[in-house]
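**Student:** Structure file data.csv (CSV, C-alpha atoms) is given on the next line.
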```csv
chain,number,residue,atom,x,y,z
Q,19,MET,CA,145.3,156.6,134.3
Q,20,ASN,CA,148.7,154.9,134.6
Q,21,TYR,CA,150.7,153.5,131.7
Q,22,TYR,CA,153.1,150.6,132.1
Q,23,ILE,CA,154.9,147.7,130.7
Q,24,VAL,CA,154.8,144.7,133.1
Q,25,THR,CA,155.8,141.1,133.0
Q,26,GLU,CA,153.2,138.4,132.3
Q,27,GLU,CA,153.5,137.3,135.9
Q,28,VAL,CA,152.8,140.8,137.3
Q,29,PHE,CA,149.9,141.2,134.9
Q,30,ASP,CA,148.3,138.1,136.3
Q,31,THR,CA,148.2,139.7,139.7
Q,32,LEU,CA,146.5,142.9,138.5
Q,33,THR,CA,142.8,143.7,138.9
Q,34,LYS,CA,141.5,143.1,135.5
Q,35,GLY,CA,138.4,145.3,135.9
Q,36,ASN,CA,140.6,148.4,136.3
Q,37,ILE,CA,142.5,147.7,133.1
Q,38,SER,CA,141.3,149.7,130.0
Q,39,PHE,CA,144.0,148.5,127.5
Q,40,MET,CA,146.2,145.5,127.3
Q,41,LEU,CA,148.6,144.3,124.6
Q,42,LYS,CA,150.9,141.3,124.8
Q,43,SER,CA,154.4,141.6,123.4
Q,44,ILE,CA,155.0,139.4,120.4
Q,45,ASP,CA,156.9,136.8,122.5
Q,46,THR,CA,154.0,137.1,125.1
Q,47,SER,CA,156.4,137.7,127.9
Q,48,LYS,CA,155.4,141.3,128.6
Q,49,ARG,CA,152.2,143.4,128.6
Q,50,ILE,CA,151.4,147.0,127.8
Q,51,VAL,CA,148.8,148.0,130.4
Q,52,ILE,CA,146.7,151.0,131.0
Q,53,THR,CA,145.1,150.8,134.4
Q,54,SER,CA,143.6,153.0,137.1
Q,55,ASP,CA,145.8,151.2,139.6
Q,56,GLU,CA,149.3,152.0,140.5
Q,57,VAL,CA,151.8,149.2,139.8
Q,58,SER,CA,155.1,149.5,141.5
Q,59,ASN,CA,156.8,146.4,140.1
Q,60,ASN,CA,156.7,147.5,136.5
Q,61,LEU,CA,159.4,147.3,133.8
Q,62,HIS,CA,158.6,150.7,132.3
Q,63,THR,CA,156.3,153.5,133.2
Q,64,PHE,CA,155.1,156.3,130.8
Q,65,VAL,CA,153.5,159.7,131.4
Q,66,ASN,CA,150.9,159.4,128.7
Q,67,THR,CA,149.8,157.5,125.6
Q,68,THR,CA,152.1,159.7,123.4
Q,69,ALA,CA,155.2,158.5,125.3
Q,70,LEU,CA,153.9,154.9,125.2
Q,71,SER,CA,153.3,155.0,121.5
Q,72,GLU,CA,156.7,156.5,120.8
Q,73,TYR,CA,158.3,153.7,122.9
Q,74,THR,CA,156.6,151.0,120.7
Q,75,ILE,CA,157.8,152.7,117.6
Q,76,THR,CA,161.4,152.7,118.9
Q,77,ASN,CA,161.1,149.1,120.1
Q,78,THR,CA,158.7,148.0,117.4
Q,79,SER,CA,160.1,144.5,116.9
Q,80,ASP,CA,158.9,143.6,120.5
Q,81,TRP,CA,155.4,144.9,120.0
Q,82,VAL,CA,154.2,145.1,116.4
Q,83,GLY,CA,154.8,142.8,113.5
Q,84,ASP,CA,154.5,145.3,110.7
Q,85,GLY,CA,157.1,147.8,111.9
Q,86,ASN,CA,154.8,150.7,112.6
Q,87,GLY,CA,154.5,150.7,116.3
Q,88,VAL,CA,151.2,151.2,118.2
Q,89,GLU,CA,149.4,154.2,117.1
Q,90,GLU,CA,148.2,156.5,119.9
Q,91,ILE,CA,144.6,156.2,118.8
Q,92,THR,CA,144.7,152.4,119.4
Q,93,PHE,CA,145.1,152.9,123.2
Q,94,ASP,CA,141.7,154.7,123.2
Q,95,GLU,CA,139.9,152.6,120.6
Q,96,ILE,CA,140.6,149.1,121.7
Q,97,LYS,CA,139.1,148.4,125.1
Q,98,TYR,CA,140.4,145.4,127.1
Q,99,ILE,CA,137.6,143.0,127.9
Q,100,PRO,CA,138.8,140.4,130.4
Q,101,GLU,CA,136.2,137.8,129.7
Q,102,ILE,CA,137.1,137.6,126.0
Q,103,ASP,CA,140.7,138.8,125.8
Q,104,ASP,CA,142.6,136.6,128.2
B,8,MET,CA,131.9,123.7,78.2
B,9,GLY,CA,132.8,123.9,74.6
B,10,THR,CA,136.2,124.8,73.2
B,11,THR,CA,136.4,128.5,74.1
B,12,SER,CA,139.6,127.8,76.1
B,13,LYS,CA,141.3,127.1,72.8
B,14,ILE,CA,140.6,130.6,71.5
B,15,THR,CA,143.7,132.6,71.7
B,16,GLY,CA,145.5,135.6,70.3
B,17,THR,CA,143.8,138.3,68.3
B,18,LEU,CA,140.6,136.3,68.0
B,19,ALA,CA,140.3,136.2,71.8
B,20,THR,CA,141.0,139.9,71.9
B,21,ALA,CA,138.3,140.5,69.4
B,22,ILE,CA,135.8,138.4,71.4
B,23,ASN,CA,136.6,140.3,74.5
B,24,LYS,CA,135.6,143.5,72.8
B,25,VAL,CA,132.2,142.3,71.7
B,26,SER,CA,129.5,143.9,73.7
B,27,GLY,CA,125.7,144.5,73.6
B,28,THR,CA,123.3,142.2,72.0
B,29,ALA,CA,126.0,140.3,70.2
B,30,ILE,CA,127.3,139.0,73.5
B,31,SER,CA,124.1,137.0,74.0
B,32,GLY,CA,124.6,135.2,70.7
B,33,LEU,CA,128.2,134.4,71.5
B,34,ALA,CA,127.3,133.1,74.9
B,35,ASN,CA,125.1,130.4,73.4
B,36,ILE,CA,126.9,128.6,70.7
B,37,MET,CA,125.6,125.3,69.4
B,38,GLY,CA,123.4,125.1,72.4
B,39,GLN,CA,126.2,125.4,74.9
B,40,ILE,CA,126.1,128.3,77.4
B,41,ILE,CA,129.5,129.8,77.5
B,42,SER,CA,130.5,132.2,80.3
B,43,LEU,CA,132.8,135.0,79.2
B,44,PHE,CA,133.3,136.0,82.8
B,45,THR,CA,136.8,135.4,84.0
B,46,ASP,CA,138.2,135.6,87.5
B,47,ASP,CA,141.9,134.7,87.4
B,48,LYS,CA,143.5,137.7,89.2
B,49,ALA,CA,143.3,139.7,92.4
B,50,VAL,CA,145.0,142.7,93.7
B,51,ALA,CA,147.8,142.1,96.3
B,52,LYS,CA,148.3,144.9,98.8
B,53,SER,CA,152.0,145.2,99.5
B,54,ILE,CA,152.9,144.9,103.2
B,55,THR,CA,155.0,148.1,102.7
B,56,THR,CA,153.1,151.1,104.0
B,57,GLY,CA,152.7,154.5,102.6
B,58,THR,CA,150.8,156.3,99.9
B,59,GLY,CA,153.3,155.1,97.3
B,60,GLN,CA,152.3,151.5,98.0
B,61,ALA,CA,148.5,152.1,98.3
B,62,VAL,CA,145.6,150.4,96.5
B,63,TYR,CA,143.2,153.3,96.4
B,64,ILE,CA,140.7,155.5,94.6
B,65,THR,CA,140.7,159.2,94.7
B,66,ASP,CA,137.2,160.0,93.6
B,67,SER,CA,136.5,163.4,91.9
B,68,ASP,CA,132.9,163.2,90.8
B,69,GLY,CA,130.8,162.4,93.8
B,70,ASN,CA,130.3,158.6,93.3
B,71,TYR,CA,130.8,157.5,96.9
B,72,ARG,CA,129.9,160.4,99.2
B,73,TYR,CA,128.1,158.1,101.8
B,74,ASP,CA,127.5,159.9,105.0
B,75,HIS,CA,126.0,158.8,108.4
B,76,ASP,CA,122.5,158.3,107.2
B,77,ASP,CA,123.0,156.7,103.7
B,78,ALA,CA,122.3,153.0,103.4
B,79,PHE,CA,125.0,150.9,101.6
B,80,THR,CA,126.7,147.6,101.4
B,81,VAL,CA,130.4,146.8,100.9
B,82,SER,CA,131.5,143.4,100.0
B,83,PHE,CA,134.9,141.9,99.0
B,84,TRP,CA,136.8,138.7,98.8
B,85,ILE,CA,139.9,138.6,101.0
B,86,LYS,CA,142.8,136.1,101.2
B,87,VAL,CA,144.6,136.9,104.4
B,88,GLY,CA,148.4,137.2,104.3
B,89,TRP,CA,149.3,138.3,107.8
B,90,ASP,CA,150.5,135.9,110.4
B,91,ILE,CA,150.2,135.4,114.2
B,92,ASN,CA,152.9,138.0,114.8
B,93,LEU,CA,151.0,140.9,113.3
B,94,ASN,CA,150.0,142.1,116.7
B,95,THR,CA,148.3,145.2,115.4
B,96,HIS,CA,145.3,146.2,113.2
B,97,PHE,CA,144.8,145.8,109.5
B,98,HIS,CA,142.4,147.9,107.6
B,99,LEU,CA,140.5,145.8,105.1
B,100,PHE,CA,138.4,148.6,103.6
B,101,ALA,CA,138.4,152.3,104.4
B,102,SER,CA,137.1,155.5,103.0
B,103,ALA,CA,137.6,159.1,104.1
B,104,ASP,CA,137.5,162.6,102.6
B,105,VAL,CA,140.0,163.2,99.9
B,106,SER,CA,143.3,164.3,101.4
B,107,ALA,CA,142.1,163.3,104.9
B,108,ASN,CA,144.9,163.4,107.5
B,109,SER,CA,143.1,161.4,110.2
B,110,ALA,CA,140.2,159.0,110.7
B,111,ASN,CA,138.2,162.0,111.9
B,112,LYS,CA,137.6,163.1,108.3
B,113,ASP,CA,134.3,161.5,107.6
B,114,SER,CA,135.7,158.0,107.6
B,115,PHE,CA,134.0,154.6,107.3
B,116,ARG,CA,136.3,151.7,107.9
B,117,ILE,CA,136.4,147.9,108.4
B,118,TRP,CA,139.4,146.7,110.2
B,119,TYR,CA,140.7,143.7,112.0
B,120,TYR,CA,142.6,143.9,115.3
B,121,GLU,CA,144.7,140.8,115.4
B,122,PRO,CA,145.7,140.8,119.1
B,123,HIS,CA,142.1,140.3,120.2
B,124,ASN,CA,140.7,138.7,117.0
B,125,ARG,CA,138.1,141.3,116.5
B,126,LEU,CA,136.6,142.6,113.2
B,127,TYR,CA,135.5,146.2,113.6
B,128,ALA,CA,133.3,148.5,111.6
B,129,GLU,CA,133.0,152.2,112.3
B,130,TRP,CA,132.1,155.6,110.9
B,131,ARG,CA,133.0,159.0,112.5
B,132,HIS,CA,133.7,162.6,111.9
B,133,HIS,CA,135.3,163.3,115.3
B,134,GLN,CA,136.9,161.2,118.0
B,135,ASN,CA,133.9,162.0,120.2
B,136,HIS,CA,131.3,161.4,117.4
B,137,LYS,CA,131.5,157.9,116.1
B,138,CYS,CA,129.5,154.7,115.8
B,139,GLN,CA,131.4,151.4,116.2
B,140,GLN,CA,130.7,147.7,116.5
B,141,PHE,CA,132.9,144.6,116.5
B,142,TRP,CA,132.6,140.9,116.2
B,143,LEU,CA,135.0,138.3,117.6
B,144,PHE,CA,135.4,134.7,116.4
B,145,HIS,CA,137.1,132.6,119.1
B,146,SER,CA,134.3,132.2,121.6
B,147,ASN,CA,131.6,129.6,121.0
B,148,SER,CA,129.2,130.9,123.6
B,149,GLY,CA,126.5,133.5,124.0
B,150,VAL,CA,126.2,136.1,121.3
B,151,TYR,CA,129.6,135.1,120.0
B,152,ALA,CA,128.5,131.7,118.8
B,153,ASP,CA,127.1,132.9,115.5
B,154,ALA,CA,130.3,134.6,114.4
B,155,TYR,CA,132.3,131.6,115.7
B,156,ALA,CA,130.4,129.3,113.5
B,157,ALA,CA,130.3,131.6,110.5
B,158,ALA,CA,134.1,132.2,110.5
B,159,GLY,CA,135.2,128.6,111.3
B,160,LEU,CA,138.4,129.8,112.9
B,161,GLU,CA,137.9,127.8,116.0
B,162,THR,CA,139.8,129.2,119.0
B,163,THR,CA,142.8,130.3,116.9
B,164,TYR,CA,142.9,133.8,115.5
B,165,TRP,CA,142.5,134.8,111.9
B,166,ASN,CA,145.7,134.7,109.9
B,167,SER,CA,147.3,133.1,106.9
B,168,SER,CA,147.7,129.8,108.6
B,169,ASN,CA,144.1,129.8,109.8
B,170,ARG,CA,141.7,131.3,107.3
B,171,GLY,CA,138.7,129.5,108.7
B,172,ASN,CA,135.8,129.1,106.3
B,173,ALA,CA,137.3,130.1,103.0
B,174,ASN,CA,136.9,128.8,99.4
B,175,SER,CA,139.3,126.5,97.6
B,176,ASP,CA,141.5,129.5,96.8
B,177,GLY,CA,141.7,130.6,100.4
B,178,TYR,CA,139.3,133.6,100.0
B,179,THR,CA,136.5,134.7,102.3
B,180,LEU,CA,133.7,137.0,101.3
B,181,ILE,CA,133.3,139.7,103.8
B,182,THR,CA,130.1,141.8,103.6
B,183,PHE,CA,129.0,144.7,105.7
B,184,THR,CA,125.5,146.2,105.3
B,185,ARG,CA,124.5,149.5,107.0
B,186,GLY,CA,121.1,151.0,107.1
B,187,THR,CA,120.0,154.6,107.3
B,188,ALA,CA,120.0,154.9,111.1
B,189,ASN,CA,123.0,156.6,112.7
B,190,THR,CA,123.8,153.7,115.0
B,191,ALA,CA,126.0,150.6,115.0
B,192,ALA,CA,123.2,148.6,116.6
B,193,PRO,CA,122.8,145.1,115.2
B,194,SER,CA,119.5,146.1,113.6
B,195,ASN,CA,121.4,148.6,111.4
B,196,LEU,CA,124.8,147.2,110.9
B,197,LYS,CA,125.4,143.6,109.8
B,198,LEU,CA,128.5,141.5,109.1
B,199,TYR,CA,128.3,138.4,106.9
B,200,TRP,CA,131.2,135.9,106.7
B,201,ASN,CA,130.7,134.3,103.3
B,202,GLY,CA,127.0,134.1,103.2
B,203,THR,CA,126.4,133.7,106.9
B,204,ASP,CA,125.1,136.4,109.2
B,205,CYS,CA,127.4,136.9,112.2
B,206,VAL,CA,124.3,138.3,114.0
B,207,ASP,CA,125.0,140.3,117.2
B,208,GLY,CA,128.3,142.0,117.7
B,209,TYR,CA,129.8,142.8,121.1
B,210,TYR,CA,127.8,146.0,121.6
B,211,SER,CA,124.4,144.5,121.6
B,212,SER,CA,121.5,144.3,124.1
B,213,ALA,CA,121.6,140.5,123.5
B,214,ASN,CA,125.1,140.7,125.1
B,215,GLY,CA,124.0,142.9,127.9
B,216,LYS,CA,125.5,146.0,126.4
B,217,SER,CA,124.1,149.1,124.7
B,218,ASP,CA,123.1,148.4,121.0
B,219,GLY,CA,126.2,149.8,119.2
B,220,ASN,CA,129.1,151.7,120.7
B,221,ASN,CA,127.7,155.1,119.7
B,222,VAL,CA,129.6,158.0,121.0
B,223,GLY,CA,128.1,161.5,120.3
B,224,THR,CA,126.4,161.9,116.9
B,225,PRO,CA,128.4,161.5,113.8
B,226,ALA,CA,127.5,164.1,111.3
B,227,MET,CA,129.5,163.3,108.2
B,228,GLU,CA,129.6,165.8,105.3
B,229,ASP,CA,128.4,164.4,102.0
B,230,HIS,CA,129.7,167.2,99.7
B,231,ILE,CA,133.3,166.1,99.8
B,232,ASP,CA,134.6,163.4,97.5
B,233,LYS,CA,136.1,160.3,99.1
B,234,GLN,CA,139.3,158.3,98.8
B,235,ILE,CA,138.8,154.6,99.2
B,236,THR,CA,141.6,152.1,100.2
B,237,LEU,CA,142.0,148.4,100.3
B,238,GLY,CA,144.5,147.0,102.8
B,239,SER,CA,145.4,150.3,104.5
B,240,GLN,CA,144.0,153.3,106.2
B,241,ALA,CA,142.4,155.9,103.9
B,242,TRP,CA,144.0,158.9,105.6
B,243,GLY,CA,147.5,160.3,106.3
B,244,SER,CA,150.2,158.2,104.8
B,245,PHE,CA,147.9,155.1,104.4
B,246,LEU,CA,149.6,153.2,107.2
B,247,GLN,CA,149.3,149.6,108.5
B,248,SER,CA,149.4,147.0,105.7
B,249,GLY,CA,150.0,143.7,107.6
B,250,ASN,CA,153.1,141.5,107.7
B,251,ASN,CA,154.3,138.2,106.4
B,252,ASP,CA,152.6,137.7,103.0
B,253,GLU,CA,150.6,140.3,101.0
B,254,THR,CA,146.9,140.2,101.7
B,255,LYS,CA,144.9,139.8,98.4
B,256,PHE,CA,141.6,141.3,97.6
B,257,ASN,CA,139.2,140.4,94.8
B,258,GLY,CA,135.7,141.2,93.6
B,259,LEU,CA,135.0,144.4,95.6
B,260,THR,CA,131.4,145.7,95.2
B,261,ILE,CA,129.6,148.7,96.7
B,262,TRP,CA,125.8,148.8,96.6
B,263,ASP,CA,123.7,151.8,97.4
B,264,ARG,CA,121.3,150.0,99.7
B,265,VAL,CA,121.3,147.2,102.3
B,266,LEU,CA,121.5,143.8,100.6
B,267,THR,CA,119.2,141.3,102.2
B,268,ALA,CA,120.5,138.1,103.6
B,269,SER,CA,119.4,136.1,100.6
B,270,GLU,CA,121.1,138.7,98.3
B,271,VAL,CA,124.3,138.3,100.2
B,272,THR,CA,124.0,134.5,99.9
B,273,GLU,CA,123.5,135.0,96.2
B,274,LEU,CA,126.6,137.1,96.0
B,275,TYR,CA,128.6,134.5,97.9
B,276,ASN,CA,127.6,132.1,95.1
B,277,SER,CA,128.6,129.0,97.1
B,278,GLY,CA,132.2,130.3,97.3
B,279,THR,CA,132.8,131.2,93.6
B,280,PRO,CA,133.1,134.9,92.8
B,281,MET,CA,130.2,135.6,90.5
B,282,ASN,CA,129.6,137.7,87.5
B,283,VAL,CA,127.9,140.4,89.5
B,284,ALA,CA,126.1,141.6,86.3
B,285,ASN,CA,124.0,138.5,86.8
B,286,HIS,CA,123.1,139.4,90.5
B,287,SER,CA,119.4,140.0,91.1
B,288,ALA,CA,120.2,143.4,92.7
B,289,TYR,CA,122.8,144.5,90.1
B,290,SER,CA,120.8,147.7,89.3
B,291,ASP,CA,121.7,148.8,92.8
B,292,CYS,CA,125.4,148.0,92.5
B,293,VAL,CA,127.3,151.3,92.2
B,294,GLY,CA,130.8,150.0,92.1
B,295,TRP,CA,132.3,146.7,91.0
B,296,TRP,CA,136.1,146.0,90.7
B,297,LYS,CA,137.2,142.6,89.4
B,298,PHE,CA,141.0,143.4,89.6
B,299,GLU,CA,141.6,141.4,86.5
B,300,ASP,CA,145.0,143.0,85.7
B,301,ASN,CA,143.5,146.5,86.2
B,302,GLY,CA,141.6,148.6,88.7
B,303,ASN,CA,138.8,149.4,86.3
B,304,ASN,CA,135.3,149.9,87.6
B,305,GLU,CA,132.8,147.6,85.8
B,306,ILE,CA,130.0,150.2,86.5
B,307,SER,CA,130.1,152.7,83.7
B,308,GLY,CA,131.5,156.0,84.7
B,309,GLY,CA,132.7,154.9,88.1
B,310,PRO,CA,136.3,155.6,89.2
B,311,ALA,CA,139.1,153.1,88.9
B,312,PHE,CA,141.5,151.9,91.6
B,313,THR,CA,145.1,153.0,91.3
B,314,VAL,CA,147.7,150.3,92.4
B,315,ASN,CA,151.1,151.7,93.4
B,316,GLY,CA,154.6,150.5,94.3
B,317,ASN,CA,154.9,146.9,95.2
B,318,SER,CA,151.2,146.3,95.3
B,319,ASN,CA,150.1,144.6,92.1
B,320,TYR,CA,147.8,142.3,90.3
B,321,GLU,CA,148.6,138.7,90.8
B,322,ASP,CA,147.0,135.3,90.2
B,323,LYS,CA,144.4,134.9,92.8
```
Can you give me the file's structure in the form of structure tokens?

**Tutor:**
Amino acid sequence: MNYYIVTEEVFDTLTKGNISFMLKSIDTSKRIVITSDEVSNNLHTFVNTTALSEYTITNTSDWVGDGNGVEEITFDEIKYIPEIDD
Amino acid sequence: MGTTSKITGTLATAINKVSGTAISGLANIMGQIISLFTDDKAVAKSITTGTGQAVYITDSDGNYRYDHDDAFTVSFWIKVGWDINLNTHFHLFASADVSANSANKDSFRIWYYEPHNRLYAEWRHHQNHKCQQFWLFHSNSGVYADAYAAAGLETTYWNSSNRGNANSDGYTLITFTRGTANTAAPSNLKLYWNGTDCVDGYYSSANGKSDGNNVGTPAMEDHIDKQITLGSQAWGSFLQSGNNDETKFNGLTIWDRVLTASEVTELYNSGTPMNVANHSAYSDCVGWWKFEDNGNNEISGGPAFTVNGNSNYEDK
């Protein structure tokens, strides 16, 4: 899998069926995306969910409203379902 | 109602200590039925995280060792405090082994994931051995229509500005029932919003999915005491407690069997927290916490909640 932060505009071009996790930033301008596709025009790329989680803890105000970051377990637990999550 | 509201001071204290058969006489004075049940307070879970801010029980005498094949019901009133910027999950109710360091320690949990407006229930003993289900509330079509109608949130997600179908104090009664089968199938796991059955969750054959998101075979040990939390995880440092305003809880009950739909309706009591001692299934209630300025368990011998840090008892 591949782990990215992309803009809203780039997210809209991705193949939704290949995305297993998606989280909008609080201001909705960006998306954390875990996908089987490779995305070249990304804002950030991460090697795994551990690095991704650590990024959200460091930049928590962009991503989580309670100051705790995104726990690593969340990336596995919360499956993106295009028909109900867009 | 008579003039009981005028009874104050030491006389009121004395009346509160009256118990047993005498209480029946007091409750019927001059032909007027007087309710001595009060419901003025709730417990407010601080948005500050950590064990030192937790609302929790550390049981030590085996009261709540529910495992994967024990039937039970959990019900509580909740007044949501988080806002639209929460963007993460909030554990409403959770239990796990005492001193658990992760959700993989025989946990049962009910949590809300705000980014997708989903209310989850799950039990597990390992990341590859779990049963999970969720309901969502913003789609008025297909299997989602029942939960949509029950919650009344319309297409906006659940938060302090949109509590949906709630009573006049802003509280919703959330009730989960789970049967003895080791599956999160709709036939075994039910969610009621107030007294209304939300029917099929996402993982249901009615939705074209497997009945329950069942991974492996949870085999929870039932010989270890549990810690129970409201408003945070029940393991590690009890993280995730919302944002914005404190979320309040009231009238938590645990029952050692599946309550029927009519019994849940009875518990909902048209939106007024009831004197659970008068519930028709009260003999099967194994835990009842009113949070009237303390965490005491109304069921004799049952453990009390401890309320720490900035969490406290407040007017509901």

**Student:** Can you check which residues of chain Q have any atom within 10 Å of chain B? Use only C-alpha atoms and format it as a PyMOL selection string.

**Tutor:** chain Q and resi 40-45+79-89+91-92+94-99+102-104

**Student:** With C-alpha atoms retained, could you export that selection as a PDB file, in the coordinates of the input?

**Tutor:**
```pdb
ATOM      1  CA  MET Q  40     146.200 145.500 127.300  1.00  0.00           C
ATOM      2  CA  LEU Q  41     148.600 144.300 124.600  1.00  0.00           C
ATOM      3  CA  LYS Q  42     150.900 141.300 124.800  1.00  0.00           C
ATOM      4  CA  SER Q  43     154.400 141.600 123.400  1.00  0.00           C
ATOM      5  CA  ILE Q  44     155.000 139.400 120.400  1.00  0.00           C
ATOM      6  CA  ASP Q  45     156.900 136.800 122.500  1.00  0.00           C
ATOM      7  CA  SER Q  79     160.100 144.500 116.900  1.00  0.00           C
ATOM      8  CA  ASP Q  80     158.900 143.600 120.500  1.00  0.00           C
ATOM      9  CA  TRP Q  81     155.400 144.900 120.000  1.00  0.00           C
ATOM     10  CA  VAL Q  82     154.200 145.100 116.400  1.00  0.00           C
ATOM     11  CA  GLY Q  83     154.800 142.800 113.500  1.00  0.00           C
ATOM     12  CA  ASP Q  84     154.500 145.300 110.700  1.00  0.00           C
ATOM     13  CA  GLY Q  85     157.100 147.800 111.900  1.00  0.00           C
ATOM     14  CA  ASN Q  86     154.800 150.700 112.600  1.00  0.00           C
ATOM     15  CA  GLY Q  87     154.500 150.700 116.300  1.00  0.00           C
ATOM     16  CA  VAL Q  88     151.200 151.200 118.200  1.00  0.00           C
ATOM     17  CA  GLU Q  89     149.400 154.200 117.100  1.00  0.00           C
ATOM     18  CA  ILE Q  91     144.600 156.200 118.800  1.00  0.00           C
ATOM     19  CA  THR Q  92     144.700 152.400 119.400  1.00  0.00           C
ATOM     20  CA  ASP Q  94     141.700 154.700 123.200  1.00  0.00           C
ATOM     21  CA  GLU Q  95     139.900 152.600 120.600  1.00  0.00           C
ATOM     22  CA  ILE Q  96     140.600 149.100 121.700  1.00  0.00           C
ATOM     23  CA  LYS Q  97     139.100 148.400 125.100  1.00  0.00           C
ATOM     24  CA  TYR Q  98     140.400 145.400 127.100  1.00  0.00           C
ATOM     25  CA  ILE Q  99     137.600 143.000 127.900  1.00  0.00           C
ATOM     26  CA  ILE Q 102     137.100 137.600 126.000  1.00  0.00           C
ATOM     27  CA  ASP Q 103     140.700 138.800 125.800  1.00  0.00           C
ATOM     28  CA  ASP Q 104     142.600 136.600 128.200  1.00  0.00           C
TER      29      ASP Q 104
END
```

**Student:** Which polymer residues have any atom within 12 Å of an atom of Asn66 in chain Q, counting only C-alpha atoms, with same-chain residues fewer than 3 positions away left out, as a count of residues only?

**Tutor:** 16

**Student:** One decimal, Å: what's the distance from CA of Thr33 in chain Q over to CA of Glu56 in chain Q, could you say?

**Tutor:**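 CA of Glu56 in chain Q lies at a distance of 10.7 Å from CA of Thr33 in chain Q.
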
**Student:** Show me, as number ranges by chain, the residues that have an atom within 6 Å of range 194-199 of chain B when counting only C-alpha atoms, minus same-chain residues fewer than 2 positions from it.

**Tutor:** B: 182-186, 191-192, 201-205

**Student:** Between B:Ile306, B:Val206, B:Leu274, B:Val314, which has the minimum distance to Gly149 in chain B (counting only C-alpha atoms)?

**Tutor:**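 Closest residue, counting only C-alpha atoms: B:Val206.
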
**Student:** Can you tell me how far CA of Tyr275 in chain B sits from CA of Arg72 in chain B, in Å to one decimal?

**Tutor:**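 So the two atoms, CA of Tyr275 in chain B and CA of Arg72 in chain B, lie 26.0 Å apart.
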
**Student:** Quick one: distance from CA of Thr190 in chain B to CA of Asn147 in chain B in Å, one decimal?

**Tutor:**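 Going from CA of Thr190 in chain B over to CA of Asn147 in chain B covers 26.0 Å.
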
**Student:** For Gly258 in chain B, work out the shell of residues within 8 Å, counting only C-alpha atoms and skipping chain neighbours fewer than 3 positions away, then give it as a list in words.

**Tutor:** Ala49, Ser82, Phe83, Trp84, Pro280, Trp295, Trp296, Lys297 and Phe298 of chain B

**Student:** Kindly indicate which residue among B:Asp46, B:Glu228, B:Asp176, B:Asp68 lies nearest to Ala103 in chain B, using all atoms listed in the file for the distances.

**Tutor:** B:Glu228
